[in-house]
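J.: My structure is stored as data.cif, with mmCIF, C-alpha atoms.
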```cif
data_my_file
#
loop_
_atom_site.label_atom_id
_atom_site.label_comp_id
_atom_site.auth_asym_id
_atom_site.auth_seq_id
_atom_site.Cartn_x
_atom_site.Cartn_y
_atom_site.Cartn_z
CA MET E 1112 -32.18 -5.60 -41.87
CA SER E 1113 -29.28 -3.38 -40.88
CA TYR E 1114 -26.99 -4.13 -37.99
CA ASN E 1115 -27.32 -1.29 -35.49
CA PHE E 1116 -28.48 -3.29 -32.45
CA LYS E 1117 -29.34 -0.05 -30.61
CA ILE E 1118 -31.73 -2.07 -28.49
CA TYR E 1119 -28.75 -3.16 -26.37
CA LYS E 1120 -27.58 0.37 -25.57
CA ASN E 1121 -27.80 1.03 -21.82
CA LYS E 1122 -29.24 -2.45 -21.27
CA ARG E 1123 -27.82 -4.88 -18.71
CA VAL E 1124 -26.37 -7.82 -20.64
CA LEU E 1125 -25.02 -10.93 -18.92
CA ILE E 1126 -22.64 -13.12 -20.92
CA THR E 1127 -21.51 -16.50 -19.65
CA GLY E 1128 -18.23 -17.74 -21.06
CA HIS E 1129 -17.10 -14.18 -21.77
CA THR E 1130 -13.39 -15.02 -21.53
CA GLY E 1131 -13.60 -17.53 -24.38
CA PHE E 1132 -13.15 -16.98 -28.10
CA LYS E 1133 -16.74 -16.09 -29.06
CA GLY E 1134 -17.46 -14.60 -25.64
CA THR E 1135 -14.67 -12.05 -26.00
CA TRP E 1136 -15.89 -10.92 -29.44
CA LEU E 1137 -19.51 -10.72 -28.24
CA SER E 1138 -18.54 -8.78 -25.11
CA LEU E 1139 -16.47 -6.28 -27.09
CA TRP E 1140 -19.22 -5.76 -29.68
CA LEU E 1141 -21.88 -5.17 -27.01
CA GLN E 1142 -19.62 -2.85 -25.03
CA SER E 1143 -18.97 -0.83 -28.20
CA ILE E 1144 -22.75 -0.40 -28.60
CA GLY E 1145 -23.05 0.96 -25.06
CA ALA E 1146 -24.41 -2.06 -23.22
CA ASP E 1147 -23.70 -2.56 -19.52
CA VAL E 1148 -21.93 -5.93 -19.80
CA LEU E 1149 -21.33 -8.38 -16.98
CA GLY E 1150 -19.28 -11.39 -17.99
CA ILE E 1151 -19.05 -14.55 -15.94
CA SER E 1152 -16.63 -17.39 -16.58
CA LEU E 1153 -14.82 -20.12 -14.71
CA GLY E 1154 -11.51 -18.50 -15.67
CA VAL E 1155 -9.37 -17.65 -18.66
CA PRO E 1156 -9.46 -20.84 -20.77
CA THR E 1157 -6.27 -20.49 -22.83
CA ILE E 1158 -2.78 -19.04 -22.83
CA PRO E 1159 -2.48 -16.79 -24.71
CA SER E 1160 -5.96 -15.38 -24.26
CA THR E 1161 -7.59 -12.70 -26.37
CA TYR E 1162 -9.57 -11.66 -23.29
CA ASN E 1163 -6.24 -10.78 -21.65
CA ILE E 1164 -4.61 -9.43 -24.82
CA ILE E 1165 -7.26 -6.74 -25.27
CA LYS E 1166 -7.64 -6.19 -21.50
CA LEU E 1167 -11.36 -6.75 -21.70
CA ASN E 1168 -11.64 -6.68 -17.90
CA LYS E 1169 -10.84 -2.95 -18.06
CA ILE E 1170 -13.95 -2.10 -20.08
CA ILE E 1171 -16.59 -4.55 -18.83
CA THR E 1172 -17.42 -6.04 -15.43
CA SER E 1173 -16.04 -9.53 -15.02
CA ARG E 1174 -16.72 -12.21 -12.41
CA TYR E 1175 -15.25 -15.67 -12.01
CA VAL E 1176 -18.29 -17.86 -11.42
CA ASP E 1177 -18.67 -21.59 -12.02
CA ILE E 1178 -22.06 -22.19 -13.68
CA LEU E 1179 -22.18 -25.46 -11.71
CA ASN E 1180 -22.08 -23.48 -8.45
CA TYR E 1181 -25.82 -22.89 -8.24
CA LYS E 1182 -25.92 -20.53 -5.25
CA LYS E 1183 -23.16 -18.26 -6.53
CA LEU E 1184 -24.61 -18.27 -10.03
CA GLU E 1185 -28.07 -17.44 -8.69
CA LYS E 1186 -26.78 -14.54 -6.60
CA THR E 1187 -24.79 -13.16 -9.53
CA ILE E 1188 -27.77 -13.25 -11.90
CA LEU E 1189 -30.35 -11.91 -9.46
CA ASP E 1190 -28.08 -9.11 -8.19
CA PHE E 1191 -27.27 -7.93 -11.72
CA LYS E 1192 -30.89 -8.13 -12.98
CA PRO E 1193 -29.97 -8.60 -16.65
CA ASP E 1194 -32.25 -7.57 -19.50
CA PHE E 1195 -30.50 -10.05 -21.80
CA VAL E 1196 -28.52 -13.21 -21.11
CA PHE E 1197 -26.23 -14.81 -23.69
CA HIS E 1198 -25.20 -18.25 -22.46
CA LEU E 1199 -21.98 -19.34 -24.16
CA ALA E 1200 -20.17 -21.04 -21.26
CA ALA E 1201 -19.43 -24.63 -22.22
CA GLN E 1202 -16.85 -27.34 -22.67
CA PRO E 1203 -16.64 -26.83 -26.46
CA ILE E 1204 -13.92 -29.20 -27.68
CA VAL E 1205 -14.86 -32.60 -29.14
CA MET E 1206 -11.52 -34.24 -28.36
CA GLU E 1207 -11.60 -32.90 -24.79
CA SER E 1208 -15.05 -34.44 -24.35
CA TYR E 1209 -13.51 -37.89 -24.82
CA LYS E 1210 -10.91 -37.16 -22.14
CA ASN E 1211 -13.38 -35.59 -19.68
CA PRO E 1212 -16.88 -36.80 -20.57
CA ILE E 1213 -18.42 -36.25 -17.12
CA LEU E 1214 -17.14 -32.67 -16.96
CA THR E 1215 -18.47 -32.10 -20.49
CA PHE E 1216 -21.95 -33.40 -19.64
CA ASN E 1217 -22.09 -31.52 -16.34
CA THR E 1218 -20.93 -28.21 -17.78
CA ASN E 1219 -23.00 -28.30 -20.94
CA VAL E 1220 -26.20 -29.85 -19.60
CA ILE E 1221 -26.44 -29.05 -15.90
CA GLY E 1222 -24.84 -25.61 -16.31
CA THR E 1223 -27.52 -24.62 -18.82
CA LEU E 1224 -30.34 -26.03 -16.69
CA ASN E 1225 -29.01 -24.11 -13.68
CA ILE E 1226 -29.41 -20.87 -15.63
CA LEU E 1227 -32.91 -21.80 -16.80
CA ASN E 1228 -33.97 -22.79 -13.28
CA ILE E 1229 -32.82 -19.45 -11.89
CA ILE E 1230 -34.39 -17.37 -14.64
CA LYS E 1231 -37.76 -19.17 -14.66
CA ASN E 1232 -38.78 -17.30 -11.47
CA ILE E 1233 -37.79 -13.81 -12.64
CA LYS E 1234 -40.75 -11.42 -12.77
CA TYR E 1235 -39.44 -8.68 -15.06
CA LYS E 1236 -38.87 -8.77 -18.83
CA ILE E 1237 -35.80 -10.79 -19.84
CA SER E 1238 -34.53 -12.44 -23.03
CA LEU E 1239 -32.32 -15.52 -22.82
CA ILE E 1240 -30.24 -16.67 -25.80
CA LEU E 1241 -28.82 -20.16 -25.33
CA ILE E 1242 -25.94 -21.17 -27.58
CA THR E 1243 -25.73 -24.87 -28.39
CA SER E 1244 -24.04 -26.27 -31.52
CA ASP E 1245 -24.51 -27.48 -35.08
CA LYS E 1246 -23.46 -30.88 -33.73
CA VAL E 1247 -26.79 -31.37 -31.95
CA TYR E 1248 -28.13 -33.10 -35.05
CA GLU E 1249 -28.10 -36.85 -35.59
CA ASN E 1250 -25.44 -36.86 -38.28
CA LYS E 1251 -26.40 -39.04 -41.22
CA GLU E 1252 -23.32 -38.00 -43.25
CA THR E 1253 -25.46 -36.32 -45.89
CA LYS E 1254 -24.70 -33.27 -48.02
CA ARG E 1255 -28.14 -31.87 -47.30
CA GLY E 1256 -28.06 -29.04 -44.78
CA TYR E 1257 -29.75 -29.90 -41.49
CA THR E 1258 -32.88 -27.93 -40.61
CA GLU E 1259 -34.17 -27.06 -37.16
CA ILE E 1260 -36.79 -29.82 -37.32
CA ASP E 1261 -34.27 -32.60 -38.02
CA ILE E 1262 -33.72 -35.28 -35.38
CA LEU E 1263 -31.27 -34.43 -32.61
CA GLY E 1264 -28.58 -36.85 -31.53
CA GLY E 1265 -24.85 -37.19 -31.07
CA LEU E 1266 -22.32 -40.01 -30.83
CA ASP E 1267 -19.33 -38.28 -29.26
CA PRO E 1268 -19.73 -36.93 -25.70
CA TYR E 1269 -19.64 -33.28 -26.81
CA SER E 1270 -22.37 -33.70 -29.44
CA ALA E 1271 -24.45 -35.85 -27.10
CA SER E 1272 -24.14 -33.28 -24.32
CA LYS E 1273 -25.40 -30.52 -26.61
CA SER E 1274 -28.34 -32.66 -27.78
CA MET E 1275 -29.21 -33.46 -24.17
CA THR E 1276 -28.97 -29.76 -23.35
CA GLU E 1277 -31.57 -28.98 -26.00
CA PHE E 1278 -33.93 -31.63 -24.64
CA GLY E 1279 -33.52 -30.02 -21.22
CA ILE E 1280 -34.20 -26.56 -22.65
CA ARG E 1281 -37.32 -27.81 -24.40
CA SER E 1282 -38.55 -29.43 -21.17
CA TYR E 1283 -38.09 -26.20 -19.19
CA ILE E 1284 -39.86 -24.13 -21.83
CA LYS E 1285 -42.84 -26.49 -22.02
CA SER E 1286 -42.99 -27.18 -18.28
CA PHE E 1287 -42.28 -23.78 -16.71
CA LEU E 1288 -42.09 -20.95 -19.26
CA ILE E 1289 -44.91 -21.61 -21.71
CA ASN E 1290 -47.23 -19.03 -20.12
CA LYS E 1291 -44.62 -16.53 -18.94
CA LYS E 1292 -44.68 -13.68 -21.46
CA ASN E 1293 -41.90 -11.82 -19.65
CA ILE E 1294 -39.32 -14.59 -20.17
CA LYS E 1295 -38.28 -15.26 -23.76
CA VAL E 1296 -35.87 -18.01 -24.75
CA GLY E 1297 -34.09 -18.46 -28.06
CA ILE E 1298 -31.76 -21.29 -29.08
CA ALA E 1299 -28.84 -20.70 -31.44
CA ARG E 1300 -27.04 -23.49 -33.28
CA ALA E 1301 -23.71 -22.66 -34.88
CA GLY E 1302 -20.40 -24.41 -35.24
CA ASN E 1303 -16.98 -24.51 -36.86
CA VAL E 1304 -16.47 -20.86 -36.12
CA ILE E 1305 -13.12 -19.40 -37.07
CA GLY E 1306 -11.65 -15.95 -36.62
CA GLY E 1307 -8.92 -14.05 -34.90
CA GLY E 1308 -8.36 -14.76 -31.25
CA ASP E 1309 -9.10 -18.48 -31.05
CA TRP E 1310 -6.32 -20.19 -29.08
CA SER E 1311 -8.01 -23.48 -28.23
CA LYS E 1312 -6.16 -26.76 -28.53
CA ASN E 1313 -7.20 -29.22 -31.23
CA ARG E 1314 -8.82 -26.47 -33.30
CA ILE E 1315 -7.71 -26.21 -36.90
CA VAL E 1316 -7.12 -22.44 -37.28
CA PRO E 1317 -5.00 -21.93 -34.14
CA ASP E 1318 -3.02 -25.02 -35.19
CA ILE E 1319 -2.53 -23.61 -38.72
CA MET E 1320 -1.30 -20.27 -37.42
CA ARG E 1321 1.04 -21.89 -34.88
CA SER E 1322 2.43 -24.06 -37.68
CA LEU E 1323 3.08 -21.02 -39.86
CA LYS E 1324 4.78 -19.23 -36.97
CA THR E 1325 6.95 -22.13 -35.75
CA LYS E 1326 7.48 -23.89 -39.13
CA LYS E 1327 6.51 -27.15 -37.42
CA LYS E 1328 4.38 -29.78 -39.12
CA LEU E 1329 0.64 -29.31 -38.85
CA VAL E 1330 -1.03 -32.41 -37.46
CA ILE E 1331 -4.55 -32.96 -38.80
CA ARG E 1332 -6.89 -35.81 -37.94
CA HIS E 1333 -9.36 -35.66 -40.77
CA PRO E 1334 -8.14 -33.79 -43.91
CA ASN E 1335 -11.17 -34.68 -46.04
CA ALA E 1336 -13.83 -33.72 -43.50
CA THR E 1337 -16.11 -30.92 -44.70
CA ARG E 1338 -17.28 -28.25 -42.30
CA PRO E 1339 -19.45 -25.12 -42.56
CA TRP E 1340 -16.64 -22.65 -41.87
CA GLN E 1341 -17.85 -19.23 -40.76
CA HIS E 1342 -16.19 -16.14 -39.36
CA VAL E 1343 -16.95 -15.51 -35.70
CA LEU E 1344 -18.82 -12.28 -36.49
CA GLU E 1345 -21.42 -14.19 -38.51
CA PRO E 1346 -22.95 -16.26 -35.69
CA ILE E 1347 -22.48 -13.43 -33.19
CA SER E 1348 -24.50 -11.16 -35.45
CA GLY E 1349 -27.07 -13.96 -35.45
CA TYR E 1350 -27.12 -14.14 -31.66
CA LEU E 1351 -27.59 -10.37 -31.42
CA THR E 1352 -30.31 -10.46 -34.07
CA LEU E 1353 -32.10 -13.27 -32.23
CA GLY E 1354 -31.94 -11.33 -28.95
CA GLN E 1355 -33.27 -8.22 -30.68
CA LYS E 1356 -36.17 -10.06 -32.32
CA LEU E 1357 -37.00 -12.03 -29.17
CA ASN E 1358 -37.30 -8.81 -27.21
CA LYS E 1359 -40.04 -7.63 -29.56
CA ASN E 1360 -41.80 -10.87 -30.47
CA HIS E 1361 -42.87 -13.43 -27.88
CA HIS E 1362 -43.94 -15.85 -30.64
CA LEU E 1363 -40.26 -16.55 -31.34
CA SER E 1364 -39.70 -17.78 -27.79
CA GLY E 1365 -38.75 -21.44 -27.67
CA GLU E 1366 -37.59 -21.50 -31.28
CA ALA E 1367 -34.19 -22.81 -32.40
CA PHE E 1368 -32.22 -21.22 -35.24
CA ASN E 1369 -29.29 -22.33 -37.35
CA PHE E 1370 -26.57 -19.75 -37.98
CA GLY E 1371 -24.27 -21.07 -40.64
CA PRO E 1372 -22.21 -19.77 -43.57
CA LYS E 1373 -22.90 -19.58 -47.27
CA TYR E 1374 -23.06 -22.99 -48.90
CA ALA E 1375 -19.83 -22.29 -50.82
CA ASN E 1376 -18.02 -21.95 -47.46
CA ILE E 1377 -18.48 -25.66 -46.83
CA ILE E 1378 -15.06 -26.97 -47.81
CA THR E 1379 -12.67 -29.64 -46.56
CA VAL E 1380 -10.07 -29.14 -43.86
CA GLU E 1381 -7.34 -29.53 -46.48
CA GLU E 1382 -8.91 -26.85 -48.69
CA LEU E 1383 -9.09 -24.49 -45.71
CA ILE E 1384 -5.38 -25.03 -45.05
CA SER E 1385 -4.60 -24.16 -48.67
CA LYS E 1386 -6.42 -20.84 -48.34
CA PHE E 1387 -4.40 -19.90 -45.26
CA SER E 1388 -1.26 -20.83 -47.17
CA PHE E 1389 -2.30 -18.43 -49.97
CA TYR E 1390 -2.74 -15.49 -47.58
CA SER E 1391 0.65 -16.23 -46.00
CA ASN E 1392 2.35 -15.59 -49.39
CA ASN E 1393 2.02 -19.25 -50.33
CA ILE E 1394 4.28 -20.46 -47.53
CA LYS E 1395 4.02 -24.24 -47.65
CA ILE E 1396 2.34 -25.75 -44.64
CA ASN E 1397 3.83 -29.16 -43.86
CA ILE E 1398 1.04 -31.55 -42.96
CA ASN E 1399 1.10 -34.81 -41.05
CA LYS E 1400 -2.02 -36.74 -42.03
CA LYS E 1401 -0.93 -40.08 -40.63
CA ILE E 1402 -2.83 -39.81 -37.39
CA ALA E 1403 -4.86 -42.77 -36.17
CA ARG E 1404 -8.40 -41.64 -35.54
CA GLU E 1405 -8.98 -43.20 -32.17
CA PHE E 1406 -12.39 -41.58 -31.73
CA TYR E 1407 -15.39 -41.10 -33.97
CA GLU E 1408 -15.69 -37.80 -35.87
CA SER E 1409 -18.28 -36.91 -38.49
CA THR E 1410 -17.17 -36.36 -42.08
CA LEU E 1411 -20.00 -34.29 -43.56
CA LEU E 1412 -21.82 -31.46 -41.83
CA SER E 1413 -23.76 -28.48 -43.14
CA LEU E 1414 -26.64 -26.28 -41.99
CA ASN E 1415 -29.76 -24.94 -43.65
CA CYS E 1416 -30.35 -21.36 -42.44
CA ARG E 1417 -33.57 -20.51 -44.27
CA LYS E 1418 -35.53 -20.25 -41.03
CA ALA E 1419 -33.20 -17.52 -39.72
CA LYS E 1420 -33.56 -15.65 -43.00
CA LYS E 1421 -37.35 -15.93 -43.00
CA LEU E 1422 -38.11 -15.16 -39.35
CA LEU E 1423 -35.10 -13.06 -38.30
CA ASN E 1424 -34.08 -11.50 -41.62
CA TRP E 1425 -30.57 -12.81 -40.94
CA GLU E 1426 -28.25 -14.37 -43.48
CA PRO E 1427 -24.48 -14.83 -43.78
CA ILE E 1428 -22.61 -12.21 -45.80
CA LEU E 1429 -18.98 -13.38 -45.92
CA ASN E 1430 -17.60 -15.75 -48.53
CA ILE E 1431 -14.84 -18.20 -47.62
CA ASN E 1432 -12.03 -15.96 -48.88
CA GLN E 1433 -13.28 -13.01 -46.82
CA THR E 1434 -13.63 -15.32 -43.83
CA VAL E 1435 -10.05 -16.60 -44.10
CA LYS E 1436 -8.61 -13.14 -44.87
CA LEU E 1437 -10.20 -11.54 -41.78
CA THR E 1438 -8.94 -14.42 -39.65
CA PHE E 1439 -5.43 -14.37 -41.09
CA ASP E 1440 -5.15 -10.58 -40.68
CA TRP E 1441 -5.90 -10.83 -36.96
CA TYR E 1442 -3.18 -13.41 -36.30
CA ASN E 1443 -0.74 -11.60 -38.56
CA GLU E 1444 -1.23 -8.46 -36.44
CA TYR E 1445 -0.70 -10.47 -33.28
CA PHE E 1446 2.45 -12.29 -34.41
CA TYR E 1447 4.12 -9.58 -36.48
CA GLY E 1448 2.36 -6.32 -35.69
CA ASN E 1449 1.50 -4.38 -32.54
CA LYS E 1450 -0.27 -6.47 -29.88
CA THR E 1451 -1.47 -3.30 -28.15
CA LEU E 1452 -3.60 -2.53 -31.21
CA ILE E 1453 -5.45 -5.85 -31.26
CA LYS E 1454 -8.56 -4.39 -29.62
CA GLU E 1455 -8.67 -1.63 -32.24
CA LYS E 1456 -8.19 -4.28 -34.93
CA MET E 1457 -11.21 -6.19 -33.61
CA LEU E 1458 -13.35 -3.05 -33.38
CA PHE E 1459 -12.36 -2.17 -36.94
CA GLN E 1460 -13.33 -5.64 -38.16
CA ILE E 1461 -16.69 -5.33 -36.38
CA LYS E 1462 -17.32 -1.92 -37.95
CA ASP E 1463 -16.25 -3.17 -41.39
CA PHE E 1464 -18.52 -6.20 -41.02
CA ILE E 1465 -21.48 -3.98 -40.09
CA ASN E 1466 -20.83 -1.69 -43.06
CA LEU E 1467 -20.62 -4.69 -45.38
CA LYS E 1468 -24.00 -5.89 -44.12
CA ASN E 1469 -25.65 -2.48 -44.27
CA ASN E 1470 -24.37 -1.80 -47.79
CA LYS E 1471 -25.47 -5.21 -49.08
#
```
Let me see the file written as structure tokens.
T.:
Amino acid sequence: MSYNFKIYKNKRVLITGHTGFKGTWLSLWLQSIGADVLGISLGVPTIPSTYNIIKLNKIITSRYVDILNYKKLEKTILDFKPDFVFHLAAQPIVMESYKNPILTFNTNVIGTLNILNIIKNIKYKISLILITSDKVYENKETKRGYTEIDILGGLDPYSASKSMTEFGIRSYIKSFLINKKNIKVGIARAGNVIGGGDWSKNRIVPDIMRSLKTKKKLVIRHPNATRPWQHVLEPISGYLTLGQKLNKNHHLSGEAFNFGPKYANIITVEELISKFSFYSNNIKININKKIAREFYESTLLSLNCRKAKKLLNWEPILNINQTVKLTFDWYNEYFYGNKTLIKEKMLFQIKDFINLKNNK
């Protein structure tokens, strides 16, 4: 399957969480296709912000809407009449979920159910893609990749909130949407996404790049933890593929899909740091590993993506070196190049990614 995604051209696409890391990339990609994009977010989540750096508000419509404000959210959705909805808005940081568990549960669970409750009464054709997380699974610390039929569960508040969200989604589908052919719902599970433009706190890649820039020690909590590292364009291509397939095939409605990297991309945090060091001309990254782990974090995590390959004809295409190189190049442009060309850099990376897929 080639990546042209022409189905989105001239379609009304609503993106929640459009000012965030993945939301900015998704918004830019869809705008470049010719979609009429409306982004809604609570605000700009980080400083600096890639949303601001590329002046995304100049090329798409943007609204500041709290997904917990039901009436305002309902008016925004019903007035816009979207053909597609990509729901990314969330409290996405594990460590933050320990500090603000109630906010995490409210945003991730109730925010998603608000959207479902509004959309369940829509009469025209609409496709809804709900983004959850790879951390929805009950983690048994096994090397085997989790499949979509594995048991859901989560110990930390973030993981638990995402599992609860999926139970809520399943309830709405079975209770209200099972016989509504015009409303199609897909669930996307991805995690440990890296790439240019992530500025979140307590995320490994922004911390690595800040350490390289400032020459300060990099503080890491769990150097031996393995994660399925994937470039941001991989899961986004999955989300777009899922939306495209949903639009044409009602039988996919209600299905969940893993979007993860190649198996060889599953490496430890320490190995990931070494690869960034290589692309920075082997500048040594000073690491402080002596951090007490006050809260629980999983050690092993990987995904099995065979279902996405079989039913969506989607599979990851980037190896770990390509993933790190694309990520490093973005930050290198930001820190040492021309910040006004960041948007063009992102569009070039999207085009290059598409060509790589289509030539595969």
J.: Which residues are near E:Leu1184? Cut-off 10 Å, all atoms listed in the file, ignore same chain within fewer than 4 positions. Put them as a ChimeraX atom specification.
T.: /E:1151,1175-1180,1188-1190,1222,1225-1226,1229
J.: Using the chain letters and numbers from the file, give me the residues hit by the PyMOL selection byres ((chain E and resi 1147) around 8), as a ChimeraX atom specification.
T.: /E:1120-1124,1142,1145-1146,1148-1149,1171
J.: Taking the file as shown, what set of residues would the PyMOL selection byres ((chain E and resi 1279-1288) around 8) give back, as number ranges by chain?
T.: E: 1220, 1223-1224, 1227-1228, 1231, 1275-1278, 1289-1291, 1294, 1296, 1365
J.: Generate the output file for the selected residues, C-alpha atoms, as a CSV table (one decimal), in the frame of the given file.
T.:
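Saved as selection20.csv:
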```csv
chain,number,residue,atom,x,y,z
E,1220,VAL,CA,-26.2,-29.8,-19.6
E,1223,THR,CA,-27.5,-24.6,-18.8
E,1224,LEU,CA,-30.3,-26.0,-16.7
E,1227,LEU,CA,-32.9,-21.8,-16.8
E,1228,ASN,CA,-34.0,-22.8,-13.3
E,1231,LYS,CA,-37.8,-19.2,-14.7
E,1275,MET,CA,-29.2,-33.5,-24.2
E,1276,THR,CA,-29.0,-29.8,-23.4
E,1277,GLU,CA,-31.6,-29.0,-26.0
E,1278,PHE,CA,-33.9,-31.6,-24.6
E,1289,ILE,CA,-44.9,-21.6,-21.7
E,1290,ASN,CA,-47.2,-19.0,-20.1
E,1291,LYS,CA,-44.6,-16.5,-18.9
E,1294,ILE,CA,-39.3,-14.6,-20.2
E,1296,VAL,CA,-35.9,-18.0,-24.8
E,1365,GLY,CA,-38.8,-21.4,-27.7
```
J.: Around (-27.3, -0.8, -42.2) in the file's own coordinates, what residues are found within 9 Å if you use all atoms listed in the file, given back as a list in words?
T.: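 Looking at atoms near the point gives Met1112, Ser1113, Tyr1114, Asn1115, Ile1465, Asn1466, Leu1467, Lys1468, Asn1469, Asn1470 and Lys1471 of chain E.
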J.: Selection in question (the file shown): the PyMOL selection byres ((chain E and resi 1215) around 12). Which residues does it include, as number ranges by chain?
T.: E: 1179, 1200-1214, 1216-1223, 1267-1273, 1275-1276
J.: Record the distance separating atom CA of E:Ile1240 and atom CA of E:Pro1427, expressed in Å with one decimal.
T.: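 The value is 19.0 Å.
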J.: Using Å and a single decimal, report how far atom CA of E:Lys1292 sits from atom CA of E:His1361.
T.: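 Distance reported for this atom pair: 6.7 Å.
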J.: Please, what distance in Å, to one decimal, runs between atom CA of E:Trp1340 and atom CA of E:Arg1314?
T.: 12.2 Å
J.: Would you please work out which residue, of E:Thr1352, E:Ser1311, E:Ser1413, E:Ser1173, is nearest to E:Thr1161 when using only C-alpha atoms?
T.: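 Residue with the minimum atom-to-atom distance to E:Thr1161: E:Ser1311.
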J.: Leaving out E:Gly1354 and any residue of its chain fewer than 6 positions from it, which residues lie within 12 Å of it when counting only C-alpha atoms, given as a compact mmCIF listing (two decimals) with C-alpha atoms, keeping the file's coordinate frame?
T.:
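So the final result, stored in selection-v2.txt, reads:
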```
# COMPACT_ATOMS: atom_id res chain seq x y z
CA PHE E 1116 -28.48 -3.29 -32.45
CA LYS E 1117 -29.34 -0.05 -30.61
CA ILE E 1118 -31.73 -2.07 -28.49
CA TYR E 1119 -28.75 -3.16 -26.37
CA VAL E 1124 -26.37 -7.82 -20.64
CA LEU E 1141 -21.88 -5.17 -27.01
CA ASP E 1194 -32.25 -7.57 -19.50
CA PHE E 1195 -30.50 -10.05 -21.80
CA VAL E 1196 -28.52 -13.21 -21.11
CA PHE E 1197 -26.23 -14.81 -23.69
CA HIS E 1198 -25.20 -18.25 -22.46
CA ILE E 1237 -35.80 -10.79 -19.84
CA SER E 1238 -34.53 -12.44 -23.03
CA LEU E 1239 -32.32 -15.52 -22.82
CA ILE E 1240 -30.24 -16.67 -25.80
CA LEU E 1241 -28.82 -20.16 -25.33
CA ILE E 1242 -25.94 -21.17 -27.58
CA ILE E 1294 -39.32 -14.59 -20.17
CA LYS E 1295 -38.28 -15.26 -23.76
CA VAL E 1296 -35.87 -18.01 -24.75
CA GLY E 1297 -34.09 -18.46 -28.06
CA ILE E 1298 -31.76 -21.29 -29.08
CA ALA E 1299 -28.84 -20.70 -31.44
CA ILE E 1347 -22.48 -13.43 -33.19
CA SER E 1348 -24.50 -11.16 -35.45
CA ASN E 1360 -41.80 -10.87 -30.47
CA HIS E 1361 -42.87 -13.43 -27.88
CA LEU E 1363 -40.26 -16.55 -31.34
CA SER E 1364 -39.70 -17.78 -27.79
CA GLU E 1366 -37.59 -21.50 -31.28
CA PHE E 1368 -32.22 -21.22 -35.24
CA LEU E 1423 -35.10 -13.06 -38.30
```
J.: Could you check which of E:Lys1182, E:Arg1338, E:Lys1395, E:His1129 is closest to E:Lys1326, using all atoms listed in the file?
T.: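 Closest residue, counting all atoms listed in the file: E:Lys1395.
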J.: Extract stretch 1362-1400 of chain E from the coordinates I pasted, and write it as a compact mmCIF listing (two decimals), in the first residue's frame (atoms kept: C-alpha atoms).
T.:
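Result file is selection-v5.txt:
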```txt
# COMPACT_ATOMS: atom_id res chain seq x y z
CA HIS E 1362 -16.18 -4.21 9.48
CA LEU E 1363 -13.05 -2.60 10.92
CA SER E 1364 -15.11 -0.38 13.23
CA GLY E 1365 -14.47 -1.15 16.88
CA GLU E 1366 -11.13 -2.80 16.20
CA ALA E 1367 -7.90 -1.89 18.00
CA PHE E 1368 -4.52 -1.86 16.25
CA ASN E 1369 -0.94 -1.82 17.45
CA PHE E 1370 1.43 0.54 15.64
CA GLY E 1371 4.95 -0.26 16.70
CA PRO E 1372 8.45 -0.35 15.22
CA LYS E 1373 10.52 -3.15 13.78
CA TYR E 1374 11.57 -5.68 16.40
CA ALA E 1375 15.22 -4.60 16.08
CA ASN E 1376 14.18 -1.10 17.23
CA ILE E 1377 13.45 -2.45 20.69
CA ILE E 1378 16.59 -1.42 22.54
CA THR E 1379 17.46 -0.12 25.99
CA VAL E 1380 17.45 3.51 27.03
CA GLU E 1381 21.24 3.39 27.36
CA GLU E 1382 21.62 1.99 23.83
CA LEU E 1383 19.41 4.77 22.48
CA ILE E 1384 21.61 7.36 24.17
CA SER E 1385 24.69 5.82 22.54
CA LYS E 1386 23.13 6.19 19.10
CA PHE E 1387 22.43 9.89 19.67
CA SER E 1388 26.02 10.27 20.82
CA PHE E 1389 27.20 8.72 17.53
CA TYR E 1390 25.20 11.17 15.40
CA SER E 1391 26.54 14.09 17.45
CA ASN E 1392 30.12 13.21 16.35
CA ASN E 1393 30.56 10.92 19.34
CA ILE E 1394 30.25 13.73 21.88
CA LYS E 1395 30.18 11.99 25.24
CA ILE E 1396 26.88 12.29 27.05
CA ASN E 1397 27.44 12.41 30.80
CA ILE E 1398 24.83 10.27 32.50
CA ASN E 1399 23.57 10.27 36.07
CA LYS E 1400 22.02 6.85 36.71
```
